[in-house]
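Engineer: Dropping the structure in here first, questions after.
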Amino acid sequence: MAEEKNQRGDSCEDRALPDDYPEPCLEDGGEAHEDVRENASAATEGSSSDRAVKVSPDLLQMLEALEKRRSHQTRGQVEPEASEDGTRELITEALRTNMQIQLTDQQQGFNKHVTKSDHRSLSRSNSQRSAESFSSGGSDTAKDESSPRNKQQKSSKGFTDFCIKNINRAEFGRREIEMAQQDMPALMILRKRTGGEKPLAGAKVVGCTHITAQTAVLIETLAALGAQCRWAACNIFSTQNAVAAALADGGTPVFAWKGESEDDFWWCIDRCVAADTWTPDLILDDGGDLTHWIYKKYPNVFKKVRGIVEESVTGVYRLYQLSKEGKLCVPAMNVNDSVTKQKFDNLYCCKESILDGLKRATEIMFGGKQVVVCGYGEVGKGSCIALKALGAVVNVTEVDPICALQACMDGIRVTTLNEIVRQVDMVITCTGSKNVVVREHFDQMKNGCIVCNMGHSNTEIDLGRLLNLTCSPVPSFVLSVTATTQAMALIELYNAPKGRYKQDVYLLPKKMDEYVSSLHLPIFDAHLTELTDDQAKYLGISKHGPFKANYYRY
């Protein structure tokens with residue numbers, strides 16, 4: 001044990017330094033280091049031959065380089081007499097230089113290591129950039145806070161009838177639109193099948209929707225079918241600035257940018273409507289703001305409109321109010337309650353986009369979190385499915401007993417916001433109503449509670465915006481279903497014979513829903529079974545559809 005202790009337990013002071021241990025750096029003129037210098041000198045004199053053998057080639061090269069550098073610097077001057085002190089200084093500086101070189105190499109290696117291992121932070125920045133791509137233009141906002149209303153811009157072709165953040169981002173926006181096209185097969189098929197016929201030839205469509213890459217594909221499809229379009233944004237935070245630039249560069253009058261003020265929002269809508277020598281035939285709306293503006297400010301223009309297509313709960317509610325009061329003087333198509341919108345956009349889209357938006361914005365872990373979802377319609381159902389799948393404990397608030405019963409049968413507790421707001425980690429609104437989450441609820445929430453909106457309008461929360469378009473992109477494929485439905489509704493209203501549609505709100509014909517769905521089946525290599533004549537007769541339907549009655553709930 002004693003021997004083992006001597007072998008392993010010696011202190012640093014007791015251990016002899018190896019013969020080739022490097023000499024310490026010496027400072028000239030230091031009295032405290034005189035003994036050290038003398039010892040070093042003696043060691044140098046006493047074993048110069050041995051030391052010469054142990055000097056590495058790298059050290060010799062450094063000494064030679066140093067000597068050349070000194071001789072170059074002192075060229076033309078009288079060289080001082082060499083001395084032992086000069087020799088020691090030379091060696092000392094060489095060792096110091098060697099140490100610096102080693103540290104530099106280590107630092108370079110460290111930098112290389114950091115660069116290789118920095119993929120996580122790079123990945124995060126890519127994620128942030130993808131989030132900015134759907135809202136592209138965040139960098140523009142940071143660089144230039146001035147309103148686009150104060151500056152005149154011109155496209156590459158000299159076009160000036162637009163107001164966007166930055167026309168120079170058009171190339172990037174065009175790439176985003178082209179990428180979206182690849183996952184929106186129905187609209188591309190529609191262009192090929194009906195492009196030659198131009199079913200919207202001469203139509204003047206004014207639109208107010210989210211301006212994203214997917215919406216741009218719809219707008220350009222309408223243009224390919226013969227329509228003239230003017231567009232504004234229905235949400236002040238969801239506009240993709242680069243996409244708006246691409247549309248403007250392509251000749252579409254667009255008036256929108258991310259981060260509009262409320263005054264900007266209404267100004268943009270007015271610029272779409274109040275164009276010289278241009279009166280809209282059709283309105284494509286998302287939320288009812290455009291319809292409301294034309295109805296209030298331009299009643300004569302409103303009376304000449306041939307039809308309205310509305311895709312949101314809020315907008316449809318406003319249309320039914322106008323119809324009930326006898327003030328709706330044009331036919332309107334309720335796209336929101338069509339099967340293709342309810343079952344695909346509202347359900348499947350929100351099921352994916354809610355998680356994407358929350359993850360990008362908060363990086364929260366959902367497992368075990370207490371969540372309350374306000375509203376159990378199709379948007380609420382999709383949100384609850386996604387949250388439960390990641391382990392969140394989900395609660396629901398509802399005013400409709402049918403939806404409340406559906407939630408109960410799906411294993412979700414139905415409660416009121418007042419009862420549970422103190423315990424939850426997250427509040428998500430999906431009602432399309434107003435004043436769902438107000439100040440008194442905020443006062444009761446725990447610290448760090450996340451509050452977000454999945455409904456159409458920011459009226460649900462005092463300071464809420466639309467989560468899945470403000471914090472993340474929306475899947476192109478599912479929006480292809482809704483966009484194709486909107487295009488078909490516009491074609492139907494524009495080409496319908498006089499008298500088919502009166503001054504009321506209509507649902508999309510079931511046959512049209514089925515047609516839109518069939519356009520998306522080839523991407524899955526899906527093959528439909530065809531009814532026999534006997535089967536069709538037995539069921540009392542056409543073998544080519546529609547296959548369900550209008551009252552059928554999918």
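Ligands are numbered from 1 in the order shown, chains are lettered A, B, ... in the order of the structure tokens, and residues start at 1 in each chain.
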Write out as a PyMOL selection string the residues lying within 10 Å of Cys384 of chain A, counting only C-alpha atoms and excluding same-chain residues fewer than 3 positions away.
Structural biologist: chain A and resi 350-351+354+371-373+376+378-381+387-389+392-396+407+410+412+428
Engineer: Would you list, as a PyMOL selection string, the residues of segment 195-365 of chain A that end up in helix (DSSP H, G or I) under DSSP run on this structure's backbone?
Structural biologist: chain A and resi 213-224+241-249+262-273+289-297+299-304+313-324+339-362
Engineer: Restricting the output to C-alpha atoms, write the selected residues as a compact mmCIF listing (two decimals), in the first residue's frame.
Structural biologist:
# COMPACT_ATOMS: atom_id res chain seq x y z
CA ALA A 213 -48.38 31.73 -51.99
CA GLN A 214 -51.45 29.51 -52.11
CA THR A 215 -53.83 32.45 -52.64
CA ALA A 216 -51.51 33.73 -55.36
CA VAL A 217 -51.98 30.44 -57.23
CA LEU A 218 -55.76 31.01 -57.03
CA ILE A 219 -55.48 34.63 -58.21
CA GLU A 220 -53.32 33.67 -61.17
CA THR A 221 -55.67 30.80 -61.98
CA LEU A 222 -58.59 33.25 -62.15
CA ALA A 223 -56.50 35.44 -64.44
CA ALA A 224 -55.69 32.43 -66.62
CA ASN A 241 -44.62 40.43 -48.64
CA ALA A 242 -42.54 38.58 -51.22
CA VAL A 243 -45.65 36.92 -52.68
CA ALA A 244 -47.42 40.28 -52.88
CA ALA A 245 -44.38 41.60 -54.74
CA ALA A 246 -44.49 38.69 -57.19
CA LEU A 247 -48.18 39.28 -57.90
CA ALA A 248 -47.59 42.99 -58.47
CA ASP A 249 -44.60 42.27 -60.69
CA GLU A 262 -56.15 49.67 -39.21
CA ASP A 263 -56.17 52.81 -41.33
CA ASP A 264 -53.90 51.09 -43.88
CA PHE A 265 -56.23 48.09 -43.92
CA TRP A 266 -59.29 50.09 -44.98
CA TRP A 267 -57.23 52.27 -47.32
CA CYS A 268 -56.04 49.16 -49.20
CA ILE A 269 -59.58 47.84 -49.54
CA ASP A 270 -60.73 51.21 -50.84
CA ARG A 271 -57.94 51.29 -53.43
CA CYS A 272 -59.12 47.93 -54.73
CA VAL A 273 -62.70 49.09 -55.16
CA ASP A 289 -64.86 43.26 -44.62
CA LEU A 290 -64.72 43.91 -48.37
CA THR A 291 -68.44 43.22 -48.77
CA HIS A 292 -69.22 45.49 -45.83
CA TRP A 293 -67.04 48.31 -47.23
CA ILE A 294 -68.64 48.21 -50.70
CA TYR A 295 -72.13 47.94 -49.22
CA LYS A 296 -71.61 50.96 -46.94
CA LYS A 297 -69.44 53.26 -49.07
CA PRO A 299 -73.96 51.19 -52.65
CA ASN A 300 -74.34 51.78 -56.39
CA VAL A 301 -71.35 49.54 -57.10
CA PHE A 302 -72.73 46.91 -54.73
CA LYS A 303 -76.03 46.72 -56.63
CA LYS A 304 -74.21 45.98 -59.90
CA VAL A 313 -67.88 31.80 -40.62
CA THR A 314 -67.81 35.50 -39.78
CA GLY A 315 -68.43 36.62 -43.35
CA VAL A 316 -71.25 34.13 -43.91
CA TYR A 317 -72.91 35.28 -40.69
CA ARG A 318 -72.82 38.86 -41.97
CA LEU A 319 -74.35 37.80 -45.28
CA TYR A 320 -77.21 35.99 -43.56
CA GLN A 321 -77.82 39.11 -41.46
CA LEU A 322 -78.08 41.25 -44.61
CA SER A 323 -80.38 38.67 -46.20
CA LYS A 324 -82.60 38.53 -43.12
CA VAL A 339 -68.24 20.00 -47.57
CA THR A 340 -64.88 20.64 -49.19
CA LYS A 341 -64.24 23.69 -46.97
CA GLN A 342 -65.54 22.26 -43.69
CA LYS A 343 -64.01 18.82 -43.89
CA PHE A 344 -60.70 19.64 -45.49
CA ASP A 345 -59.64 23.23 -44.86
CA ASN A 346 -61.21 23.65 -41.43
CA LEU A 347 -60.51 20.16 -40.09
CA TYR A 348 -57.39 18.77 -41.73
CA CYS A 349 -55.60 22.07 -42.25
CA CYS A 350 -56.07 23.26 -38.67
CA LYS A 351 -55.12 19.85 -37.31
CA GLU A 352 -51.62 20.33 -38.72
CA SER A 353 -51.15 24.09 -38.69
CA ILE A 354 -51.99 24.64 -35.01
CA LEU A 355 -49.05 22.55 -33.84
CA ASP A 356 -46.73 24.06 -36.43
CA GLY A 357 -47.66 27.60 -35.43
CA LEU A 358 -47.35 27.01 -31.71
CA LYS A 359 -44.04 25.15 -32.03
CA ARG A 360 -42.50 27.88 -34.17
CA ALA A 361 -43.71 30.67 -31.91
CA THR A 362 -43.11 29.13 -28.46
Engineer: Given the choices A:Ser261, A:Ser476, A:Ala386, A:Asp337, which gets closest to Glu176 of chain A if the distance is worked out from only C-alpha atoms?
Structural biologist: A:Ser476
Engineer: Report as a list in words all protein, DNA and RNA residues lying within 8 Å of segment 415-427 of chain A, evaluated on only C-alpha atoms, omitting residues in the same chain fewer than 5 positions from it.
Structural biologist: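 So, after excluding close chain neighbours, the residues are Lys369, Gln370, Val371, Val372, Val373, Cys374, Asn395, Val396, Thr397, Glu398, His441, Gln444, Met445, Lys446, Gly448, Cys449, Ile450, Val451 and Cys452 of chain A.
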Engineer: If we count only C-alpha atoms and set the cut-off at 6 Å, which residues sit around Val254 of chain A, ignoring sequence neighbours fewer than 4 positions away in its own chain? Please answer as a list in words.
Structural biologist: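 The residues that qualify are Phe162, Trp231, Ala232 and Ala248 of chain A.
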Engineer: For the selection you just gave me, I'd like the residues written to a file as a PDB file, in the first residue's frame, keeping all heavy atoms.
Structural biologist:
ATOM      1  N   PHE A 162     -50.251  49.380 -57.727  1.00  0.00           N
ATOM      2  CA  PHE A 162     -50.163  48.475 -56.583  1.00  0.00           C
ATOM      3  C   PHE A 162     -49.549  49.235 -55.426  1.00  0.00           C
ATOM      4  O   PHE A 162     -48.965  50.312 -55.588  1.00  0.00           O
ATOM      5  CB  PHE A 162     -49.319  47.236 -56.917  1.00  0.00           C
ATOM      6  CG  PHE A 162     -47.890  47.543 -57.271  1.00  0.00           C
ATOM      7  CD1 PHE A 162     -46.914  47.643 -56.288  1.00  0.00           C
ATOM      8  CD2 PHE A 162     -47.507  47.738 -58.599  1.00  0.00           C
ATOM      9  CE1 PHE A 162     -45.591  47.915 -56.605  1.00  0.00           C
ATOM     10  CE2 PHE A 162     -46.192  48.026 -58.925  1.00  0.00           C
ATOM     11  CZ  PHE A 162     -45.228  48.112 -57.929  1.00  0.00           C
ATOM     12  N   TRP A 231     -56.689  42.994 -55.614  1.00  0.00           N
ATOM     13  CA  TRP A 231     -56.666  42.231 -54.361  1.00  0.00           C
ATOM     14  C   TRP A 231     -56.158  43.053 -53.175  1.00  0.00           C
ATOM     15  O   TRP A 231     -55.253  43.873 -53.296  1.00  0.00           O
ATOM     16  CB  TRP A 231     -55.782  41.003 -54.514  1.00  0.00           C
ATOM     17  CG  TRP A 231     -56.476  39.746 -54.065  1.00  0.00           C
ATOM     18  CD1 TRP A 231     -56.341  39.120 -52.853  1.00  0.00           C
ATOM     19  CD2 TRP A 231     -57.419  38.985 -54.814  1.00  0.00           C
ATOM     20  NE1 TRP A 231     -57.139  38.004 -52.814  1.00  0.00           N
ATOM     21  CE2 TRP A 231     -57.812  37.889 -54.004  1.00  0.00           C
ATOM     22  CE3 TRP A 231     -57.965  39.098 -56.078  1.00  0.00           C
ATOM     23  CZ2 TRP A 231     -58.724  36.935 -54.429  1.00  0.00           C
ATOM     24  CZ3 TRP A 231     -58.870  38.151 -56.509  1.00  0.00           C
ATOM     25  CH2 TRP A 231     -59.244  37.083 -55.687  1.00  0.00           C
ATOM     26  N   ALA A 232     -56.778  42.779 -52.019  1.00  0.00           N
ATOM     27  CA  ALA A 232     -56.319  43.323 -50.739  1.00  0.00           C
ATOM     28  C   ALA A 232     -56.274  42.190 -49.726  1.00  0.00           C
ATOM     29  O   ALA A 232     -56.787  41.091 -49.979  1.00  0.00           O
ATOM     30  CB  ALA A 232     -57.253  44.442 -50.256  1.00  0.00           C
ATOM     31  N   ALA A 248     -47.644  41.647 -57.886  1.00  0.00           N
ATOM     32  CA  ALA A 248     -47.586  42.989 -58.466  1.00  0.00           C
ATOM     33  C   ALA A 248     -46.657  43.017 -59.679  1.00  0.00           C
ATOM     34  O   ALA A 248     -46.965  43.643 -60.700  1.00  0.00           O
ATOM     35  CB  ALA A 248     -47.114  43.991 -57.418  1.00  0.00           C
TER      36      ALA A 248
END
Engineer: Name the residues in contact with segment 480-492 of chain A at a cut-off of 8 Å, using only C-alpha atoms, excluding same-chain residues fewer than 6 positions from it; report them as a list of chain:residue names.
Structural biologist: A:Asp183, A:Met184, A:Pro185, A:Ala186, A:Leu187, A:Pro199, A:Leu200, A:Gln214, A:Thr215, A:Leu218, A:Leu222, A:Leu282, A:Leu284, A:Gly307, A:Ile308, A:Val309, A:Glu311, A:Met333, A:Val335, A:Thr340, A:Lys341, A:Phe344, A:Asp345, A:Leu508, A:Met512, A:Asp513, A:Val516, A:Ser517, A:His520
